[in-house]
>>> print(open('target34.tsv').read())   # TSV, C-alpha atoms (C1' of nucleotides)
chain	number	residue	atom	x	y	z
A	1	MET	CA	140.36	101.10	67.10
A	2	ASN	CA	142.23	103.15	64.60
A	3	PRO	CA	144.35	105.73	66.46
A	4	SER	CA	144.51	108.05	63.47
A	5	LEU	CA	140.78	108.69	63.61
A	6	SER	CA	139.27	111.55	65.56
A	7	ARG	CA	137.75	110.50	68.83
A	8	VAL	CA	134.09	111.08	69.47
A	9	ILE	CA	132.31	110.53	72.72
A	10	THR	CA	128.76	109.40	72.34
A	11	ILE	CA	126.20	109.75	75.07
A	12	LEU	CA	123.03	107.84	74.36
A	13	GLY	CA	120.01	106.56	76.19
A	14	ILE	CA	116.28	106.43	75.99
A	15	THR	CA	114.07	109.46	76.31
A	16	SER	CA	114.32	111.17	79.71
A	17	SER	CA	117.34	109.15	80.80
A	18	GLY	CA	119.20	112.37	81.50
A	19	LYS	CA	121.46	112.60	78.48
A	20	THR	CA	121.50	116.36	78.22
A	21	SER	CA	122.51	117.15	81.76
A	22	LEU	CA	125.15	114.43	81.81
A	23	ALA	CA	126.53	115.57	78.49
A	24	VAL	CA	126.75	119.18	79.61
A	25	GLU	CA	128.56	118.19	82.76
A	26	LEU	CA	131.05	116.07	80.85
A	27	ALA	CA	131.52	118.62	78.12
A	28	LYS	CA	132.49	121.17	80.75
A	29	GLU	CA	135.01	118.83	82.21
A	30	PHE	CA	136.56	117.69	78.94
A	31	ASN	CA	136.45	120.96	77.02
A	32	GLY	CA	133.75	119.64	74.78
A	33	GLU	CA	131.01	120.72	72.47
A	34	ILE	CA	127.85	118.82	71.72
A	35	VAL	CA	126.32	117.59	68.52
A	36	SER	CA	122.75	116.55	69.06
A	37	ALA	CA	121.40	113.29	67.64
A	38	ASP	CA	117.77	114.02	68.20
A	39	SER	CA	115.40	113.87	65.28
A	40	ARG	CA	112.94	116.32	66.83
A	41	GLN	CA	114.97	118.89	68.70
A	42	ILE	CA	116.60	119.72	65.41
A	43	TYR	CA	113.45	121.51	64.30
A	44	LYS	CA	113.00	125.19	65.01
A	45	GLU	CA	109.91	126.27	66.92
A	46	PHE	CA	109.29	122.79	68.33
A	47	ASN	CA	110.50	123.48	71.82
A	48	VAL	CA	108.38	122.44	74.76
A	49	GLY	CA	107.13	119.13	73.35
A	50	THR	CA	110.58	118.01	72.27
A	51	ALA	CA	112.08	118.91	75.65
A	52	LYS	CA	114.58	121.05	73.84
A	53	PRO	CA	117.28	122.40	76.18
A	54	GLU	CA	116.41	125.95	77.10
A	55	GLY	CA	119.42	127.53	75.57
A	56	ALA	CA	119.85	130.63	73.44
A	57	TRP	CA	121.54	131.62	70.22
A	58	GLU	CA	124.71	133.60	70.82
A	59	ASN	CA	127.01	134.61	67.96
A	60	GLY	CA	125.53	131.97	65.71
A	61	LYS	CA	125.79	129.17	68.25
A	62	PHE	CA	123.09	127.56	70.33
A	63	ILE	CA	124.42	127.76	73.87
A	64	TYR	CA	122.98	125.87	76.79
A	65	LYS	CA	124.61	126.12	80.21
A	66	GLY	CA	127.72	127.51	78.62
A	67	ILE	CA	128.15	124.65	76.17
A	68	ALA	CA	127.64	124.92	72.41
A	69	HIS	CA	125.00	122.56	71.04
A	70	TYR	CA	124.87	121.90	67.33
A	71	LEU	CA	121.98	120.52	65.30
A	72	ILE	CA	119.46	121.76	67.78
A	73	ASP	CA	116.98	124.36	66.63
A	74	GLU	CA	118.54	124.16	63.21
A	75	ILE	CA	115.98	123.12	60.58
A	76	ASP	CA	112.78	124.78	59.47
A	77	PRO	CA	109.73	122.75	60.44
A	78	THR	CA	108.56	122.57	56.86
A	79	ASP	CA	111.84	121.26	55.45
A	80	ASP	CA	112.04	117.68	54.27
A	81	PHE	CA	114.87	116.68	56.46
A	82	THR	CA	116.52	113.34	55.73
A	83	LEU	CA	118.85	110.89	57.35
A	84	SER	CA	121.43	111.56	54.70
A	85	GLN	CA	121.39	115.29	55.49
A	86	TYR	CA	121.67	114.62	59.17
A	87	GLN	CA	124.62	112.35	58.68
A	88	LYS	CA	126.43	114.90	56.59
A	89	LEU	CA	125.76	117.79	58.97
A	90	ALA	CA	126.67	115.85	62.08
A	91	THR	CA	129.86	114.45	60.60
A	92	GLU	CA	130.92	117.92	59.50
A	93	LYS	CA	130.22	119.42	62.90
A	94	LEU	CA	132.07	116.72	64.77
A	95	LYS	CA	135.12	117.22	62.59
A	96	GLU	CA	134.88	120.95	63.03
A	97	ILE	CA	134.87	120.61	66.80
A	98	VAL	CA	137.96	118.44	66.62
A	99	SER	CA	139.74	120.94	64.42
A	100	CYS	CA	139.05	123.63	67.02
A	101	GLY	CA	140.90	121.52	69.54
A	102	LYS	CA	137.80	120.56	71.47
A	103	THR	CA	136.29	117.23	72.38
A	104	PRO	CA	133.25	116.29	70.31
A	105	PHE	CA	130.25	114.78	72.07
A	106	LEU	CA	127.54	113.15	70.03
A	107	VAL	CA	124.47	113.11	72.22
A	108	GLY	CA	121.01	111.81	71.56
A	109	GLY	CA	118.37	109.16	71.57
A	110	THR	CA	117.67	108.65	67.90
A	111	PRO	CA	119.39	105.34	67.28
A	112	LEU	CA	119.29	105.51	63.52
A	113	TYR	CA	121.02	108.87	63.48
A	114	LEU	CA	123.74	107.71	65.84
A	115	LYS	CA	124.43	104.63	63.76
A	116	ALA	CA	124.44	106.40	60.45
A	117	VAL	CA	127.10	108.82	61.68
A	118	LEU	CA	129.29	106.50	63.71
A	119	GLU	CA	129.26	103.68	61.20
A	120	ASN	CA	129.44	106.04	58.26
A	121	TRP	CA	126.56	104.58	56.35
A	122	ASN	CA	126.47	105.14	52.66
A	123	ILE	CA	122.97	106.48	52.23
A	124	PRO	CA	121.40	107.04	48.82
A	125	GLU	CA	121.15	110.78	48.48
A	126	VAL	CA	117.70	110.67	47.06
A	127	LYS	CA	115.51	113.43	48.33
A	128	PRO	CA	111.94	112.60	49.14
A	129	ASN	CA	109.73	112.84	46.10
A	130	LEU	CA	106.45	113.74	47.70
A	131	ARG	CA	104.39	113.41	44.57
A	132	LEU	CA	105.73	109.95	43.87
A	133	ARG	CA	105.22	108.93	47.47
A	134	GLN	CA	101.64	110.09	47.46
A	135	GLU	CA	100.96	108.31	44.24
A	136	LEU	CA	102.47	105.04	45.44
A	137	GLU	CA	100.75	105.35	48.79
A	138	GLN	CA	97.42	104.91	46.98
A	139	LYS	CA	98.39	101.55	45.57
A	140	ASP	CA	97.97	98.17	47.11
A	141	ILE	CA	100.97	96.98	49.04
A	142	LEU	CA	101.24	93.72	47.15
A	143	GLU	CA	101.22	95.54	43.86
A	144	LEU	CA	104.10	97.69	45.07
A	145	PHE	CA	105.95	94.69	46.40
A	146	ASN	CA	105.64	92.89	43.08
A	147	ALA	CA	106.84	95.94	41.21
A	148	LEU	CA	109.89	96.10	43.43
A	149	LYS	CA	110.49	92.38	43.05
A	150	GLU	CA	110.60	92.82	39.33
A	151	LYS	CA	112.92	95.81	39.35
A	152	ASP	CA	115.18	94.74	42.17
A	153	PRO	CA	114.56	91.29	43.66
A	154	GLU	CA	117.26	91.73	46.27
A	155	ALA	CA	115.68	94.90	47.54
A	156	ALA	CA	112.37	93.07	47.82
A	157	LEU	CA	114.06	90.59	50.12
A	158	ILE	CA	115.32	93.45	52.25
A	159	THR	CA	112.08	95.35	52.54
A	160	GLY	CA	109.75	92.41	52.92
A	161	ASN	CA	106.14	92.63	51.82
A	162	ALA	CA	104.59	94.15	54.92
A	163	ASN	CA	106.06	97.59	55.39
A	164	LYS	CA	104.72	99.90	52.73
A	165	ARG	CA	107.05	102.75	53.55
A	166	ARG	CA	110.17	100.75	53.06
A	167	ILE	CA	108.92	99.43	49.74
A	168	ILE	CA	108.04	102.91	48.58
A	169	ARG	CA	111.43	104.25	49.56
A	170	ALA	CA	113.17	101.50	47.60
A	171	LEU	CA	111.03	102.25	44.55
A	172	GLU	CA	111.71	105.94	44.98
A	173	VAL	CA	115.46	105.45	45.02
A	174	ILE	CA	115.28	103.25	41.94
A	175	ALA	CA	113.11	105.75	40.12
A	176	GLU	CA	115.36	108.71	40.92
A	177	THR	CA	118.74	107.11	40.34
A	178	GLY	CA	117.92	104.50	37.72
A	179	GLU	CA	119.99	102.09	39.74
A	180	LYS	CA	119.10	99.19	41.95
A	181	PHE	CA	118.35	100.10	45.52
A	182	SER	CA	120.13	97.02	46.79
A	183	ASN	CA	123.40	98.19	45.22
A	184	GLN	CA	123.26	101.50	47.00
A	185	ARG	CA	123.13	100.45	50.60
A	186	LYS	CA	126.65	100.12	51.87
A	187	ILE	CA	128.55	100.83	55.01
A	188	GLY	CA	131.67	102.90	54.56
A	189	GLU	CA	134.86	102.92	56.57
A	190	PRO	CA	134.33	104.54	59.97
A	191	VAL	CA	135.51	108.13	60.13
A	192	PHE	CA	135.60	108.33	63.91
A	193	ASP	CA	137.01	106.37	66.78
A	194	TYR	CA	134.14	106.37	69.21
A	195	LEU	CA	133.18	105.53	72.74
A	196	LYS	CA	129.51	104.84	73.29
A	197	ILE	CA	128.24	105.56	76.74
A	198	GLY	CA	124.71	104.51	77.52
A	199	ILE	CA	122.77	105.79	80.50
A	200	LYS	CA	121.04	103.02	82.34
A	201	ILE	CA	117.71	103.68	83.98
A	202	GLU	CA	115.33	101.43	85.85
A	203	LYS	CA	111.82	100.94	84.57
A	204	GLU	CA	110.18	102.28	87.69
A	205	GLU	CA	112.29	105.40	87.67
A	206	LEU	CA	111.62	105.82	83.97
A	207	VAL	CA	107.85	105.83	84.42
A	208	LYS	CA	108.18	108.39	87.17
A	209	ARG	CA	110.39	110.66	85.12
A	210	ILE	CA	108.28	110.52	82.01
A	211	THR	CA	105.15	111.29	83.98
A	212	GLU	CA	106.82	114.26	85.61
A	213	ARG	CA	108.38	115.46	82.42
A	214	THR	CA	105.04	115.37	80.64
A	215	LYS	CA	103.28	117.30	83.38
A	216	GLU	CA	106.11	119.79	83.28
A	217	MET	CA	105.60	120.28	79.54
A	218	PHE	CA	102.00	121.27	80.11
A	219	LYS	CA	103.08	123.76	82.73
A	220	LYS	CA	105.56	125.23	80.29
A	221	GLY	CA	102.84	125.86	77.75
A	222	LEU	CA	102.73	122.77	75.58
A	223	ALA	CA	99.09	123.31	74.64
A	224	GLU	CA	99.77	126.88	73.57
A	225	GLU	CA	102.79	125.88	71.53
A	226	ILE	CA	100.79	123.29	69.70
A	227	LYS	CA	97.87	125.57	69.05
A	228	GLN	CA	100.19	128.08	67.50
A	229	LEU	CA	102.17	125.56	65.46
A	230	SER	CA	99.13	123.71	64.19
A	231	GLU	CA	97.56	126.96	63.04
A	232	LYS	CA	100.75	127.94	61.31
A	233	TYR	CA	101.72	124.63	59.72
A	234	GLY	CA	98.77	122.25	59.95
A	235	TRP	CA	99.18	118.71	61.18
A	236	GLU	CA	100.93	117.10	58.25
A	237	ILE	CA	104.52	118.26	58.55
A	238	THR	CA	106.99	115.76	59.99
A	239	PRO	CA	107.72	117.33	63.37
A	240	MET	CA	104.00	117.60	64.01
A	241	GLN	CA	103.89	113.82	64.05
A	242	SER	CA	106.08	113.74	67.13
A	243	ILE	CA	104.98	112.35	70.43
A	244	GLY	CA	103.72	115.26	72.47
A	245	TYR	CA	102.20	116.90	69.39
A	246	GLN	CA	100.23	114.28	67.45
A	247	GLU	CA	98.11	113.54	70.52
A	248	PHE	CA	96.44	116.92	70.23
A	249	LYS	CA	95.18	116.33	66.73
A	250	ASP	CA	91.98	114.41	67.49
A	251	GLU	CA	91.50	114.98	71.18
A	252	THR	CA	90.69	118.03	73.25
A	253	ASN	CA	90.53	116.65	76.76
A	254	LEU	CA	93.86	117.67	78.25
A	255	ASP	CA	93.93	114.90	80.85
A	256	LYS	CA	93.43	112.31	78.16
A	257	ILE	CA	96.10	113.90	76.03
A	258	GLU	CA	98.49	113.89	78.93
A	259	SER	CA	98.08	110.21	79.64
A	260	LEU	CA	98.33	109.43	75.93
A	261	ILE	CA	101.60	111.28	75.72
A	262	ILE	CA	102.96	109.39	78.69
A	263	GLN	CA	101.85	106.12	77.18
A	264	ASN	CA	103.30	106.87	73.75
A	265	THR	CA	106.57	108.08	75.22
A	266	LEU	CA	106.95	104.86	77.16
A	267	ALA	CA	106.22	102.85	74.04
A	268	TYR	CA	108.83	104.85	72.21
A	269	THR	CA	111.47	104.18	74.83
A	270	LYS	CA	110.80	100.51	74.27
A	271	ARG	CA	111.62	100.85	70.60
A	272	GLN	CA	114.79	102.70	71.49
A	273	THR	CA	115.68	99.95	73.92
A	274	THR	CA	115.22	97.29	71.26
A	275	TRP	CA	117.77	99.07	69.18
A	276	PHE	CA	120.28	99.67	71.95
A	277	LYS	CA	120.07	96.09	73.17
A	278	LYS	CA	121.50	94.87	69.92
A	279	ASP	CA	124.49	97.15	70.15
A	280	LYS	CA	127.14	95.31	72.12
A	281	ASN	CA	129.57	98.23	71.98
A	282	ILE	CA	127.61	100.39	74.34
A	283	VAL	CA	129.18	100.87	77.74
A	284	TRP	CA	126.34	101.20	80.21
A	285	ILE	CA	126.85	103.49	83.17
A	286	THR	CA	124.75	104.46	86.17
A	287	SER	CA	126.58	107.52	87.43
A	288	PRO	CA	128.39	110.55	86.03
A	289	LYS	CA	131.55	109.41	87.78
A	290	GLU	CA	131.53	106.16	85.89
A	291	ALA	CA	131.14	108.03	82.64
A	292	GLU	CA	133.99	110.30	83.55
A	293	GLU	CA	136.31	107.38	84.17
A	294	LYS	CA	135.41	105.68	80.91
A	295	ILE	CA	136.07	108.86	79.00
A	296	LYS	CA	139.40	109.44	80.69
A	297	SER	CA	140.69	106.05	79.76
A	298	PHE	CA	139.29	106.40	76.26
A	299	LEU	CA	141.01	109.71	75.65
A	300	ASN	CA	144.37	108.51	76.86
B	301	G	C1'	59.05	96.40	95.68
B	302	C	C1'	57.44	95.60	90.36
B	303	G	C1'	58.87	95.88	85.08
B	304	G	C1'	62.72	96.42	81.23
B	305	C	C1'	67.78	96.04	79.85
B	306	G	C1'	72.54	94.39	80.88
B	307	G	C1'	76.95	91.65	83.50
B	308	U	C1'	82.31	88.23	78.30
B	309	G	C1'	89.60	87.80	78.78
B	310	G	C1'	94.05	94.09	81.41
B	311	U	C1'	90.14	97.66	78.97
B	312	A	C1'	86.34	98.66	75.26
B	313	G	C1'	83.26	95.58	72.70
B	314	A	C1'	81.46	91.14	69.19
B	315	G	C1'	79.42	86.38	69.70
B	316	U	C1'	73.06	84.44	71.21
B	317	G	C1'	73.19	75.87	71.26
B	318	G	C1'	78.48	72.55	68.48
B	319	U	C1'	83.63	74.66	63.88
B	320	C	C1'	84.70	79.34	71.00
B	321	A	C1'	90.19	79.96	74.69
B	322	A	C1'	86.05	83.11	72.28
B	323	U	C1'	85.86	88.38	65.86
B	324	U	C1'	87.94	93.16	66.46
B	325	A	C1'	90.24	97.46	68.61
B	326	C	C1'	93.20	99.37	72.42
B	327	A	C1'	96.67	98.46	76.24
B	328	A	C1'	100.80	95.12	77.31
B	329	G	C1'	105.31	91.98	75.84
B	330	A	C1'	109.03	90.65	72.12
B	331	G	C1'	111.20	91.97	67.51
B	332	A	C1'	112.53	94.47	62.58
B	333	C	C1'	114.82	98.84	60.73
B	334	U	C1'	120.67	101.97	55.52
B	335	G	C1'	113.76	105.59	55.06
B	336	U	C1'	110.29	110.31	56.80
B	337	A	C1'	112.99	106.95	62.50
B	338	A	C1'	109.36	110.54	68.46
B	339	A	C1'	108.13	107.47	61.79
B	340	U	C1'	106.69	102.75	59.81
B	341	C	C1'	106.13	97.61	60.22
B	342	U	C1'	106.01	92.17	62.23
B	343	C	C1'	104.92	88.48	65.88
B	344	U	C1'	102.83	87.02	70.77
B	345	C	C1'	98.97	87.99	73.96
B	346	G	C1'	93.91	82.69	79.90
B	347	G	C1'	97.29	78.85	82.33
B	348	C	C1'	100.53	74.54	81.58
B	349	C	C1'	103.68	71.62	78.86
B	350	U	C1'	106.12	66.97	75.50
B	351	U	C1'	103.80	73.51	71.37
B	352	G	C1'	99.55	69.17	69.98
B	353	C	C1'	94.80	71.58	65.82
B	354	G	C1'	97.35	68.60	73.47
B	355	C	C1'	95.55	69.14	78.56
B	356	C	C1'	93.31	72.32	82.31
B	357	U	C1'	90.51	76.62	84.00
B	358	A	C1'	87.22	80.24	81.98
B	359	C	C1'	82.01	84.44	79.31
B	360	G	C1'	78.54	87.64	87.31
B	361	U	C1'	77.37	83.19	91.20
B	362	A	C1'	74.84	78.47	92.05
B	363	G	C1'	72.01	74.85	89.99
B	364	G	C1'	69.30	72.71	85.71
B	365	U	C1'	68.02	71.24	80.39
B	366	U	C1'	71.05	68.95	76.45
B	367	C	C1'	75.18	64.06	73.43
B	368	G	C1'	77.03	69.29	73.70
B	369	A	C1'	75.93	75.99	76.78
B	370	A	C1'	79.21	82.29	76.73
B	371	U	C1'	74.69	81.18	74.14
B	372	C	C1'	68.35	77.97	76.65
B	373	C	C1'	65.76	77.55	81.82
B	374	U	C1'	65.53	78.67	87.35
B	375	A	C1'	67.22	81.16	91.64
B	376	C	C1'	70.47	84.56	93.64
B	377	C	C1'	74.08	88.79	93.45
B	378	C	C1'	75.53	93.42	91.01
B	379	G	C1'	74.75	97.82	87.49
B	380	C	C1'	71.65	101.11	84.49
B	381	C	C1'	66.66	102.80	83.09
B	382	G	C1'	61.23	103.18	83.92
B	383	C	C1'	57.10	102.67	87.38
B	384	A	C1'	55.99	102.75	92.43
>>> encode(input="target34.tsv", output="structure tokens")
Amino acid sequence: MNPSLSRVITILGITSSGKTSLAVELAKEFNGEIVSADSRQIYKEFNVGTAKPEGAWENGKFIYKGIAHYLIDEIDPTDDFTLSQYQKLATEKLKEIVSCGKTPFLVGGTPLYLKAVLENWNIPEVKPNLRLRQELEQKDILELFNALKEKDPEAALITGNANKRRIIRALEVIAETGEKFSNQRKIGEPVFDYLKIGIKIEKEELVKRITERTKEMFKKGLAEEIKQLSEKYGWEITPMQSIGYQEFKDETNLDKIESLIIQNTLAYTKRQTTWFKKDKNIVWITSPKEAEEKIKSFLN
RNA sequence: GCGGCGGUGGUAGAGUGGUCAAUUACAAGAGACUGUAAAUCUCUCGGCCUUGCGCCUACGUAGGUUCGAAUCCUACCCGCCGCA
């Protein structure tokens, strides 16, 4: 790795693997601060269902167990938050932490966010055009695919002809920039030297934890939170489509909702796992001590 | 006890003589991902292998009819409903 780059410690793992508590422990030990890589905890007001750490804002910083957490409780629920924005914010924060003489920890379970920051993806800065998206959404997928093929054949190869969203995004970027989508997807030079620590967890233990965690959410007032948020914002905003929230939309039986949430959370951890499996740079650990040792040798 | 209806793969639920290992949905498993990513999408999904339009076992159980049955007949078992 390039020694001139700032060092970032990444703690990742699937949902409920215990990232937060490990990260806090390590941050205390290594004089660190935490940047969250969680696509849901970043939203304000979405607390119980996202398992947001129960911290508090002090002097403009979100503090949990004495450690500053950035990019938690940061964005308004109605904002159109994008990957590109996340990348920019997270990169800035990490650099800021370094310049304060502290150790930056990037902690989270949203694989795309982690990658975009650590690998410094060059993401087209095209904001979502909701009107265009809605309009294209009405059309037949093959029609959209053919349109893309005509405008940018390479992009059509990338998106394939099955995933409507990806096709629409490509068309959106082309429409907004006037340039080919395929020319705009590049990976930049890394800006950080990073260690990726992954928390390993057995399947059996995972099921147990997710079941407990879900029950705990109900005890902490999940149903009330959702009632309030759905009345305030409706069901269409992005954070409302999170696991733990969407299940309330068409169902009122709380037991059914609970088991649905557990089921969907487990399915989600599988998607996370698929992503992490591909990443050969992750150092998998099973205990805090192991993590501590890896970090020590990384920082030296 | 009599009469009616029904018992199909992990679940729900189609199929009512051949093209049925059985539509579909869900669950499950594997995978994709430069985008909204806790999103969205793809493939597999009875067993076996030499992966063939191959073999075996399967539509409550046991027989039967038929060249051929998840589909028709008989008996039995189980469930629901009605009458006793």
>>> interface_residues(input="target34.tsv", of="chain B", to="chain A", cutoff="9 Å", atoms="only C-alpha atoms (C1' of nucleotides)", output="NGL selection string")
:B and (331 or 333-342)
>>> residues_around(input="target34.tsv", residues="Gly18 in chain A", least_positions_apart="3", cutoff="10 Å", atoms="all atoms listed in the file", output="list in words")
Ile11, Leu12, Gly13, Ile14, Thr15, Ser21, Leu22, Ala23, Ile199, Lys200, Ile201 and Arg209 of chain A
>>> residues_around(input="target34.tsv", residues="Arg213 in chain A", least_positions_apart="3", cutoff="9 Å", atoms="all atoms listed in the file", output="list in words")
Ser16, Ala51, Lys208, Arg209, Ile210, Glu216, Met217, Phe218 and Ile262 of chain A
>>> residues_around(input="target34.tsv", residues="C383 in chain B", least_positions_apart="4", cutoff="12 Å", atoms="all atoms listed in the file", output="ChimeraX atom specification")
/B:301-304
>>> atom_distance(input="target34.tsv", atom1="CA of Cys100 in chain A", atom2="CA of Lys52 in chain A")
25.5 Å
>>> atom_distance(input="target34.tsv", atom1="C1' of G379 in chain B", atom2="C1' of A358 in chain B")
22.2 Å
>>> closest_atom_pairs(input="target34.tsv", of="range 303-328 of chain B", to="range 360-372 of chain B", cutoff="12 Å", atoms="only C-alpha atoms (C1' of nucleotides)", output="JSON lines")
{"residue": "B:G306", "atom": "C1'", "partner": "B:G360", "partner_atom": "C1'", "distance": 11.1}
{"residue": "B:G307", "atom": "C1'", "partner": "B:G360", "partner_atom": "C1'", "distance": 5.8}
{"residue": "B:U308", "atom": "C1'", "partner": "B:A370", "partner_atom": "C1'", "distance": 6.9}
{"residue": "B:G309", "atom": "C1'", "partner": "B:A370", "partner_atom": "C1'", "distance": 11.9}
{"residue": "B:A314", "atom": "C1'", "partner": "B:A370", "partner_atom": "C1'", "distance": 11.8}
{"residue": "B:G315", "atom": "C1'", "partner": "B:A370", "partner_atom": "C1'", "distance": 8.1}
{"residue": "B:U316", "atom": "C1'", "partner": "B:U371", "partner_atom": "C1'", "distance": 4.7}
{"residue": "B:G317", "atom": "C1'", "partner": "B:A369", "partner_atom": "C1'", "distance": 6.2}
{"residue": "B:G318", "atom": "C1'", "partner": "B:G368", "partner_atom": "C1'", "distance": 6.3}
{"residue": "B:C320", "atom": "C1'", "partner": "B:A370", "partner_atom": "C1'", "distance": 8.5}
{"residue": "B:A321", "atom": "C1'", "partner": "B:A370", "partner_atom": "C1'", "distance": 11.4}
{"residue": "B:A322", "atom": "C1'", "partner": "B:A370", "partner_atom": "C1'", "distance": 8.2}
>>> residues_around(input="target34.tsv", residues="Ala27 in chain A", least_positions_apart="3", cutoff="10 Å", atoms="all atoms listed in the file", output="MDAnalysis selection string")
chainID A and resid 9 21:24 30:34 66:68 102:105
>>> closest_residue(input="target34.tsv", among="A:Leu130, A:Lys249, A:Ile197, A:Gln85", to="Thr286 in chain A", atoms="only C-alpha atoms")
A:Ile197
>>> closest_residue(input="target34.tsv", among="A:Asn47, A:Ser99, A:Ser17, A:Thr10", to="Ile226 in chain A", atoms="only C-alpha atoms")
A:Asn47
>>> residues_near_point(input="target34.tsv", point="(127.4, 108.1, 68.1)", cutoff="6 Å", atoms="all atoms listed in the file", output="compact mmCIF listing (two decimals) with C-alpha atoms, in the coordinates of the input")
# COMPACT_ATOMS: atom_id res chain seq x y z
CA THR A 10 128.76 109.40 72.34
CA LEU A 106 127.54 113.15 70.03
CA LEU A 114 123.74 107.71 65.84
CA LEU A 118 129.29 106.50 63.71
>>> atom_distance(input="target34.tsv", atom1="CA of Glu125 in chain A", atom2="CA of Gly108 in chain A")
23.1 Å
>>> residues_around(input="target34.tsv", residues="C305 in chain B", least_positions_apart="6", cutoff="12 Å", atoms="all atoms listed in the file", output="JSON, numbers by chain")
{"B": [379, 380, 381, 382]}
>>> axis_aligned_box(input="target34.tsv", around="range 314-319 of chain B", padding_each_side="5 Å", output="AutoDock Vina command-line options")
--center_x 78.3 --center_y 81.8 --center_z 67.6 --size_x 20.6 --size_y 28.6 --size_z 17.4
>>> decode(input="target34.tsv", residues="range 166-177 of chain A", atoms="C-alpha atoms", output="PDB file, in the first residue's frame")
ATOM      1  CA  ARG A 166     -30.205   0.118 -14.019  1.00  0.00           C
ATOM      2  CA  ILE A 167     -31.373   0.864 -17.546  1.00  0.00           C
ATOM      3  CA  ILE A 168     -33.293   3.895 -16.373  1.00  0.00           C
ATOM      4  CA  ARG A 169     -30.311   5.210 -14.453  1.00  0.00           C
ATOM      5  CA  ALA A 170     -28.098   4.881 -17.524  1.00  0.00           C
ATOM      6  CA  LEU A 171     -30.656   6.729 -19.630  1.00  0.00           C
ATOM      7  CA  GLU A 172     -30.974   9.361 -16.944  1.00  0.00           C
ATOM      8  CA  VAL A 173     -27.243  10.014 -16.854  1.00  0.00           C
ATOM      9  CA  ILE A 174     -27.125  10.257 -20.632  1.00  0.00           C
ATOM     10  CA  ALA A 175     -30.075  12.623 -20.712  1.00  0.00           C
ATOM     11  CA  GLU A 176     -28.651  14.921 -18.040  1.00  0.00           C
ATOM     12  CA  THR A 177     -25.035  15.040 -19.157  1.00  0.00           C
TER      13      THR A 177
END
